[in-house]
Protein chains: 2
Amino acid sequence: MGRLVMKFGGTSVADIARIRNVARHVEREVKAGHHVAVVVSAMSGTTDRLVGWCREAAAVHDAREYDAVVASGEQVTAGLLAIVLQDLGIPARSWQGWQIPLKTDGVHGAARIAGIDGDEIRKRMDQGQVAVIAGFQGIGPDRRITTLGRGGSDTSAVAIAAALDAACDIYTDVDGVYTADPRIVTGAQKLDRISYEEMLEQASLGAKVLQTRSVELAMVYKVPLQVRSSFEAPDAPNQNKPDGTGPGTLVCDEERIVEQHVVSGVAYSRDEAKVSVRRVKDQPGVSAAIFGPLAEADISVDMIVQNISADGAFTDITFTVARKDLRKALEVLNAVKSKVGFDDLAHSADVAKVSIVGIGMRSHAGVAAKMFKALAEKGINIQAITTSEIKTSVLIDEAYTELAVRALHTAYGLDAKVA
Amino acid sequence: MGRLVMKFGGTSVADIARIRNVARHVEREVKAGHHVAVVVSAMSGTTDRLVGWCREAAAVHDAREYDAVVASGEQVTAGLLAIVLQDLGIPARSWQGWQIPLKTDGVHGAARIAGIDGDEIRKRMDQGQVAVIAGFQGIGPDRRITTLGRGGSDTSAVAIAAALDAACDIYTDVDGVYTADPRIVTGAQKLDRISYEEMLEQASLGAKVLQTRSVELAMVYKVPLQVRSSFEAPDAPNQNKPDGTGPGTLVCDEERIVEQHVVSGVAYSRDEAKVSVRRVKDQPGVSAAIFGPLAEADISVDMIVQNISADGAFTDITFTVARKDLRKALEVLNAVKSKVGFDDLAHSADVAKVSIVGIGMRSHAGVAAKMFKALAEKGINIQAITTSEIKTSVLIDEAYTELAVRALHTAYGLDAKVA
């Protein structure tokens, strides 16, 4: 057996009883012969409390000090898990970012990993000592603690797996990646495998199973990544299947996915808001005049639709932003109204984005057409469309979200067969 | 003005409002021209919570992991205070033990400081940057976090002051060192100065103003140490007196104490329990047979009284231990009963130790005699006596504690004159 990195998030380590549960998952893998490193997040609630204190201390605060405060949460979990593992008779040692060292750039609060010196940890792992690593953190060029931004523990885990030439199991509160949200689609099926590219689209569409950055890293370094549940019985035998997949969903190269679906999943996001800029001049530079100030205000724009100009003089431009950015976007645009020259702004937060994802879309024609047809049959109006190589997204009235997801899940043949 | 180390304990940094109060104390000293380092404890309650988690994780746990977990409390306070100081426009930077580095030996949980590299901090302080230092912690020879044991932040502060050639102000919830506990003795007076030796006796007698180890260090390295209140108005002007003392009590060399009292304070401790070993053989080796096993069980014995043997064959031996150790002491002795050979054990927790402390005792005869007379006049029976060069302690019935303290305070002329 080789090296294995196991990653557990905040809810999986919320208290000592759950940390003990995590330790039993680790014990199972150690007994199976793996050389294990565990990456842990802060106990759930801890990071929010620490962030709250920083904000109370000063609304605008030094990111270096913020990092020193916030990184303490993972430090605590790592020490506690090491204690529990030792109590089970498993040699273990906690590691903070600066002790490894996990080197990052100097962008405090959202640092990127620059390099990991895995020699010491690898040596100890190969001697049978479990390395319990504080996720989410590293050390910057100035010997100050850095953090990788919220959710960065997934990224830590994958980067460490890459440095250790290890596989990486991400334990979460779901038991894998599904063809759709099982709370909405009763026939949703767990995927045995999904490609890095598809997972990346899912992550950037707001499916919260994995952080986008961690999937990117896994793809670049070819880290075999598994999403599995931390709430399954830890003493269940390893349910690895003959085809190399485990109890969860394996995220891997598409060549390793034998039976490819054209569409592997239907995703949705309610975190959308729509803004329409009415009657702007249909001339070069107007898009830059609108989207430049939004970009400067750090507002990400997703879908953009520009109407065909009826009179050749004026047009409407509609786009979507994250719901939390709606108010700010309106402020920014009103401030440049005279410069851009538009009549008025319309906006709505009652919209949702529904997407189909699948690497099969690259080689199959008519995939998007089937989507539009399925939605039309349910009387669902499409307000905007964006596409990428392996994804098609539509913006619809939020009230139709569940209906749309279910219709598409059926249309692409993803529903589980009823026995 | 020179360098100044300011130390604030857990109750002084219990929440952001109090941390802001601490920042204003720092601001005052910075404006007065001092180059300041601040040493902080964990927010009150934090360390207990972290220690509780370690115990819940495993009753017996690795001290290295305990240190990694528990040291996070001071890390948080240091970051938060740095943020608040920056918000006041004061350049500040937090420092953890490993960043300084503050090197210790490898005795995790109760490490001793081995050396402090103060170069980087001194350079930055002299450029006007306040160093906010996480107390209580250092880094061991194996590059693991170590802690100095409970209350170790006082020790950190004094050691850092010694390394930086700085004075050290310890901020606490009292405004100085008193001739007696003001809650008991209404006429108790705040001392302007007290010698290191006297302070050391007070600390080891259980007066919780300063940690014993910090006073030892201050004495060895001649660090001028002031005990003062963190709850006084931070914007009050520096009330330094012409004789070099400040608003609190200065702990210093006895040569600097001009007007010496014979006795500078009356202390008491209720944390006492008495054990009597009845009818042991009056022969060589019997003390070793009793106190050896107690020492092995890590029980500190304080006062010891051996009766004069009436018949030359048997005697009684009485000693005191901390109240928390009483049950364990009785167990240890009962286990060796047949080996030691005694009739039975008597014990009592209804005892208190009352002490007088003063460097003047060295050069004045009859100081202890005056103590015994004052207690006799109040009808207080003395159960045991111990003395050192500058201290005399007696063990009495606990019910007489306040009466004894007040009587001694009056007998040695320490009562404040009523206007």
# chains A, B, ... in the order shown; residues from 1 in each chain; ligands from 1
call {"tool": "interface_residues", "arguments": {"of": "chain A", "to": "chain B", "cutoff": "10 Å", "atoms": "only C-alpha atoms", "output": "ChimeraX atom specification"}}
result
/A:15-17,19-20,50,53-88,92-96,98-99,143-145
call {"tool": "select_by_dssp", "arguments": {"residues": "segment 124-162 of chain B", "states": "alpha helix (DSSP H)", "output": "list of chain:residue names"}}
result
B:Arg124, B:Met125, B:Asp126, B:Gly152, B:Ser153, B:Asp154, B:Thr155, B:Ser156, B:Ala157, B:Val158, B:Ala159, B:Ile160, B:Ala161, B:Ala162
call {"tool": "write_last_selection", "arguments": {"atoms": "all heavy atoms", "output": "JSON list (two decimals), in the first residue's frame"}}
result
[["chain", "number", "residue", "atom", "x", "y", "z"],
["B", 124, "ARG", "N", 13.41, 46.30, 15.59],
["B", 124, "ARG", "CA", 12.11, 46.85, 15.22],
["B", 124, "ARG", "C", 11.56, 47.78, 16.30],
["B", 124, "ARG", "O", 10.93, 48.79, 15.99],
["B", 124, "ARG", "CB", 11.12, 45.72, 14.99],
["B", 124, "ARG", "CG", 11.46, 44.90, 13.74],
["B", 124, "ARG", "CD", 10.43, 43.82, 13.59],
["B", 124, "ARG", "NE", 10.70, 42.98, 12.44],
["B", 124, "ARG", "CZ", 9.77, 42.62, 11.55],
["B", 124, "ARG", "NH1", 8.55, 43.07, 11.66],
["B", 124, "ARG", "NH2", 10.08, 41.84, 10.55],
["B", 125, "MET", "N", 11.76, 47.41, 17.56],
["B", 125, "MET", "CA", 11.30, 48.30, 18.64],
["B", 125, "MET", "C", 11.99, 49.65, 18.54],
["B", 125, "MET", "O", 11.36, 50.70, 18.69],
["B", 125, "MET", "CB", 11.61, 47.68, 20.00],
["B", 125, "MET", "CG", 10.65, 46.56, 20.41],
["B", 125, "MET", "SD", 11.21, 45.69, 21.89],
["B", 125, "MET", "CE", 10.95, 46.97, 23.14],
["B", 126, "ASP", "N", 13.30, 49.60, 18.26],
["B", 126, "ASP", "CA", 14.04, 50.86, 18.20],
["B", 126, "ASP", "C", 13.63, 51.70, 16.99],
["B", 126, "ASP", "O", 13.88, 52.91, 16.94],
["B", 126, "ASP", "CB", 15.55, 50.59, 18.22],
["B", 126, "ASP", "CG", 15.98, 50.03, 19.59],
["B", 126, "ASP", "OD1", 15.14, 50.05, 20.52],
["B", 126, "ASP", "OD2", 17.12, 49.57, 19.72],
["B", 152, "GLY", "N", 2.94, 31.19, 33.13],
["B", 152, "GLY", "CA", 4.25, 31.42, 32.57],
["B", 152, "GLY", "C", 4.43, 32.73, 31.82],
["B", 152, "GLY", "O", 5.55, 33.09, 31.47],
["B", 153, "SER", "N", 3.32, 33.45, 31.58],
["B", 153, "SER", "CA", 3.46, 34.71, 30.85],
["B", 153, "SER", "C", 4.26, 35.74, 31.64],
["B", 153, "SER", "O", 4.98, 36.55, 31.07],
["B", 153, "SER", "CB", 2.07, 35.27, 30.49],
["B", 153, "SER", "OG", 1.47, 34.46, 29.50],
["B", 154, "ASP", "N", 4.12, 35.75, 32.98],
["B", 154, "ASP", "CA", 4.97, 36.63, 33.80],
["B", 154, "ASP", "C", 6.44, 36.32, 33.53],
["B", 154, "ASP", "O", 7.27, 37.22, 33.37],
["B", 154, "ASP", "CB", 4.71, 36.39, 35.30],
["B", 154, "ASP", "CG", 3.42, 37.02, 35.78],
["B", 154, "ASP", "OD1", 2.76, 37.72, 34.99],
["B", 154, "ASP", "OD2", 3.07, 36.80, 36.96],
["B", 155, "THR", "N", 6.75, 35.02, 33.50],
["B", 155, "THR", "CA", 8.12, 34.60, 33.28],
["B", 155, "THR", "C", 8.60, 35.01, 31.89],
["B", 155, "THR", "O", 9.72, 35.51, 31.73],
["B", 155, "THR", "CB", 8.22, 33.07, 33.46],
["B", 155, "THR", "OG1", 7.65, 32.74, 34.72],
["B", 155, "THR", "CG2", 9.65, 32.61, 33.40],
["B", 156, "SER", "N", 7.74, 34.82, 30.87],
["B", 156, "SER", "CA", 8.09, 35.28, 29.52],
["B", 156, "SER", "C", 8.45, 36.75, 29.55],
["B", 156, "SER", "O", 9.45, 37.18, 28.97],
["B", 156, "SER", "CB", 6.89, 35.14, 28.56],
["B", 156, "SER", "OG", 6.48, 33.82, 28.42],
["B", 157, "ALA", "N", 7.60, 37.55, 30.21],
["B", 157, "ALA", "CA", 7.78, 39.00, 30.20],
["B", 157, "ALA", "C", 9.11, 39.39, 30.82],
["B", 157, "ALA", "O", 9.85, 40.21, 30.26],
["B", 157, "ALA", "CB", 6.62, 39.66, 30.94],
["B", 158, "VAL", "N", 9.43, 38.80, 31.95],
["B", 158, "VAL", "CA", 10.67, 39.16, 32.63],
["B", 158, "VAL", "C", 11.88, 38.70, 31.82],
["B", 158, "VAL", "O", 12.86, 39.44, 31.67],
["B", 158, "VAL", "CB", 10.69, 38.57, 34.06],
["B", 158, "VAL", "CG1", 12.06, 38.79, 34.70],
["B", 158, "VAL", "CG2", 9.59, 39.19, 34.90],
["B", 159, "ALA", "N", 11.79, 37.49, 31.26],
["B", 159, "ALA", "CA", 12.91, 36.98, 30.48],
["B", 159, "ALA", "C", 13.14, 37.85, 29.24],
["B", 159, "ALA", "O", 14.28, 38.12, 28.86],
["B", 159, "ALA", "CB", 12.64, 35.53, 30.06],
["B", 160, "ILE", "N", 12.05, 38.27, 28.61],
["B", 160, "ILE", "CA", 12.18, 39.12, 27.43],
["B", 160, "ILE", "C", 12.74, 40.49, 27.83],
["B", 160, "ILE", "O", 13.59, 41.04, 27.14],
["B", 160, "ILE", "CB", 10.81, 39.22, 26.71],
["B", 160, "ILE", "CG1", 10.51, 37.88, 26.01],
["B", 160, "ILE", "CG2", 10.79, 40.37, 25.70],
["B", 160, "ILE", "CD1", 9.07, 37.67, 25.63],
["B", 161, "ALA", "N", 12.29, 41.01, 28.97],
["B", 161, "ALA", "CA", 12.84, 42.27, 29.46],
["B", 161, "ALA", "C", 14.34, 42.14, 29.69],
["B", 161, "ALA", "O", 15.12, 43.04, 29.33],
["B", 161, "ALA", "CB", 12.13, 42.70, 30.74],
["B", 162, "ALA", "N", 14.75, 41.01, 30.25],
["B", 162, "ALA", "CA", 16.18, 40.80, 30.49],
["B", 162, "ALA", "C", 16.94, 40.77, 29.16],
["B", 162, "ALA", "O", 17.99, 41.40, 29.02],
["B", 162, "ALA", "CB", 16.39, 39.50, 31.26]]
call {"tool": "atom_distance", "arguments": {"atom1": "atom CA of Val251 of chain A", "atom2": "atom CA of Glu272 of chain A"}}
result
27.3 Å
call {"tool": "residues_around", "arguments": {"residues": "Ile290 of chain A", "least_positions_apart": "4", "cutoff": "8 Å", "atoms": "only C-alpha atoms", "output": "number ranges by chain"}}
result
A: 286, 294, 333, 340
call {"tool": "closest_residue", "arguments": {"among": "B:Val275, B:Ala188, B:Ala310, B:Val367", "to": "Ala329 of chain B", "atoms": "only C-alpha atoms"}}
result
B:Val275
call {"tool": "residues_around", "arguments": {"residues": "segment 222-226 of chain A", "least_positions_apart": "3", "cutoff": "7 Å", "atoms": "only C-alpha atoms", "output": "list of chain:residue names"}}
result
A:Ala161, A:Ala162, A:Ala167, A:Cys168, A:Asp169, A:Ile170, A:Ala218, A:Met219, A:Gly248, A:Thr249, A:Leu250, A:Val251, A:Cys252
call {"tool": "residues_around", "arguments": {"residues": "segment 305-308 of chain B", "least_positions_apart": "2", "cutoff": "6 Å", "atoms": "only C-alpha atoms", "output": "short mmCIF file (atom, residue, chain, number, x, y, z; two decimals) with N, CA, C and O atoms, in the first residue's frame"}}
result
data_model
loop_
_atom_site.label_atom_id
_atom_site.label_comp_id
_atom_site.auth_asym_id
_atom_site.auth_seq_id
_atom_site.Cartn_x
_atom_site.Cartn_y
_atom_site.Cartn_z
N THR B 315 7.69 8.63 68.91
CA THR B 315 7.45 10.06 68.76
C THR B 315 6.31 10.27 67.77
O THR B 315 5.86 9.31 67.12
N ASP B 316 5.83 11.51 67.62
CA ASP B 316 4.84 11.88 66.60
C ASP B 316 5.52 12.82 65.61
O ASP B 316 6.30 13.69 66.01
N ILE B 317 5.21 12.67 64.35
CA ILE B 317 5.72 13.61 63.34
C ILE B 317 4.53 14.25 62.65
O ILE B 317 3.62 13.55 62.17
N THR B 318 4.50 15.60 62.62
CA THR B 318 3.41 16.34 61.98
C THR B 318 3.98 17.17 60.83
O THR B 318 5.08 17.73 60.95
#
call {"tool": "select_by_dssp", "arguments": {"residues": "segment 309-393 of chain A", "states": "strand (DSSP E)", "output": "short mmCIF file (atom, residue, chain, number, x, y, z; two decimals) with N, CA, C and O atoms, in the first residue's frame"}}
result
data_model
loop_
_atom_site.label_atom_id
_atom_site.label_comp_id
_atom_site.auth_asym_id
_atom_site.auth_seq_id
_atom_site.Cartn_x
_atom_site.Cartn_y
_atom_site.Cartn_z
N PHE A 314 -29.63 52.05 -29.97
CA PHE A 314 -29.64 51.70 -28.54
C PHE A 314 -29.84 50.19 -28.35
O PHE A 314 -30.42 49.53 -29.20
N THR A 315 -29.35 49.70 -27.21
CA THR A 315 -29.54 48.29 -26.89
C THR A 315 -29.68 48.13 -25.37
O THR A 315 -29.51 49.09 -24.62
N ASP A 316 -30.03 46.90 -24.94
CA ASP A 316 -30.04 46.58 -23.50
C ASP A 316 -28.95 45.55 -23.24
O ASP A 316 -28.73 44.65 -24.05
N ILE A 317 -28.29 45.68 -22.09
CA ILE A 317 -27.28 44.68 -21.70
C ILE A 317 -27.70 44.08 -20.35
O ILE A 317 -27.97 44.81 -19.39
N THR A 318 -27.81 42.76 -20.30
CA THR A 318 -28.19 42.07 -19.07
C THR A 318 -27.03 41.18 -18.64
O THR A 318 -26.37 40.55 -19.48
N PHE A 319 -26.79 41.16 -17.34
CA PHE A 319 -25.73 40.26 -16.83
C PHE A 319 -26.11 39.77 -15.44
O PHE A 319 -27.02 40.28 -14.79
N THR A 320 -25.36 38.75 -14.96
CA THR A 320 -25.61 38.22 -13.61
C THR A 320 -24.39 38.42 -12.73
O THR A 320 -23.25 38.42 -13.21
N VAL A 321 -24.67 38.61 -11.45
CA VAL A 321 -23.62 38.69 -10.42
C VAL A 321 -24.07 37.80 -9.26
O VAL A 321 -25.22 37.37 -9.20
N ASP A 344 -32.09 53.49 -17.60
CA ASP A 344 -32.28 53.07 -16.21
C ASP A 344 -31.75 51.65 -16.02
O ASP A 344 -31.33 50.99 -16.97
N LEU A 345 -31.76 51.22 -14.74
CA LEU A 345 -31.29 49.89 -14.37
C LEU A 345 -32.49 49.07 -13.89
O LEU A 345 -33.30 49.57 -13.11
N ALA A 346 -32.58 47.83 -14.36
CA ALA A 346 -33.56 46.92 -13.79
C ALA A 346 -32.77 45.81 -13.11
O ALA A 346 -31.64 45.50 -13.52
N HIS A 347 -33.33 45.23 -12.05
CA HIS A 347 -32.61 44.13 -11.42
C HIS A 347 -33.60 43.15 -10.81
O HIS A 347 -34.76 43.48 -10.55
N SER A 348 -33.12 41.93 -10.58
CA SER A 348 -33.94 40.88 -9.98
C SER A 348 -33.03 39.89 -9.28
O SER A 348 -31.96 39.53 -9.79
N ALA A 349 -33.46 39.46 -8.10
CA ALA A 349 -32.72 38.40 -7.40
C ALA A 349 -33.48 37.08 -7.47
O ALA A 349 -33.06 36.08 -6.91
N ASP A 350 -34.61 37.08 -8.16
CA ASP A 350 -35.44 35.86 -8.24
C ASP A 350 -35.03 35.00 -9.43
O ASP A 350 -35.87 34.55 -10.20
N VAL A 351 -33.73 34.78 -9.59
CA VAL A 351 -33.26 33.97 -10.71
C VAL A 351 -32.34 32.86 -10.20
O VAL A 351 -31.77 32.97 -9.11
N ALA A 352 -32.23 31.81 -10.96
CA ALA A 352 -31.35 30.71 -10.62
C ALA A 352 -30.63 30.26 -11.88
O ALA A 352 -31.12 30.45 -13.00
N LYS A 353 -29.47 29.66 -11.66
CA LYS A 353 -28.70 29.13 -12.79
C LYS A 353 -28.75 27.61 -12.72
O LYS A 353 -28.46 27.03 -11.68
N VAL A 354 -29.14 26.98 -13.83
CA VAL A 354 -29.16 25.52 -13.89
C VAL A 354 -28.20 25.10 -15.00
O VAL A 354 -28.19 25.69 -16.08
N SER A 355 -27.37 24.09 -14.69
CA SER A 355 -26.31 23.72 -15.63
C SER A 355 -26.26 22.22 -15.84
O SER A 355 -26.55 21.44 -14.92
N ILE A 356 -25.86 21.83 -17.03
CA ILE A 356 -25.51 20.43 -17.27
C ILE A 356 -24.02 20.37 -17.53
O ILE A 356 -23.44 21.27 -18.14
N VAL A 357 -23.37 19.33 -16.99
CA VAL A 357 -21.92 19.18 -17.09
C VAL A 357 -21.61 17.80 -17.62
O VAL A 357 -22.22 16.83 -17.18
N ALA A 384 -31.02 33.64 -20.04
CA ALA A 384 -29.64 33.83 -20.52
C ALA A 384 -28.98 32.47 -20.63
O ALA A 384 -29.41 31.51 -20.00
N ILE A 385 -27.95 32.38 -21.42
CA ILE A 385 -27.24 31.12 -21.66
C ILE A 385 -25.75 31.38 -21.62
O ILE A 385 -25.28 32.40 -22.16
N THR A 386 -24.99 30.49 -20.98
CA THR A 386 -23.53 30.51 -21.18
C THR A 386 -23.10 29.07 -21.42
O THR A 386 -23.71 28.13 -20.93
N THR A 387 -22.04 28.93 -22.15
CA THR A 387 -21.54 27.58 -22.42
C THR A 387 -20.04 27.54 -22.25
O THR A 387 -19.35 28.56 -22.36
N SER A 388 -19.53 26.38 -21.89
CA SER A 388 -18.09 26.12 -22.00
C SER A 388 -17.98 24.80 -22.73
O SER A 388 -18.99 24.23 -23.15
N LYS A 391 -19.88 22.25 -20.48
CA LYS A 391 -20.95 22.74 -19.61
C LYS A 391 -21.89 23.66 -20.38
O LYS A 391 -21.44 24.41 -21.25
N THR A 392 -23.18 23.58 -20.11
CA THR A 392 -24.11 24.59 -20.59
C THR A 392 -24.96 25.05 -19.41
O THR A 392 -25.50 24.22 -18.67
N SER A 393 -25.02 26.36 -19.20
CA SER A 393 -25.80 26.92 -18.10
C SER A 393 -26.90 27.81 -18.65
O SER A 393 -26.69 28.53 -19.64
#
call {"tool": "residues_around", "arguments": {"residues": "Pro182 of chain B", "least_positions_apart": "6", "cutoff": "12 Å", "atoms": "only C-alpha atoms", "output": "list in words"}}
result
Val174, Asp175, Gly176, Ala188, Gln189, Lys190, Gly265, Val266, Ala267, Glu402, Val405, Arg406, His409, Asp415 and Ala416 of chain B
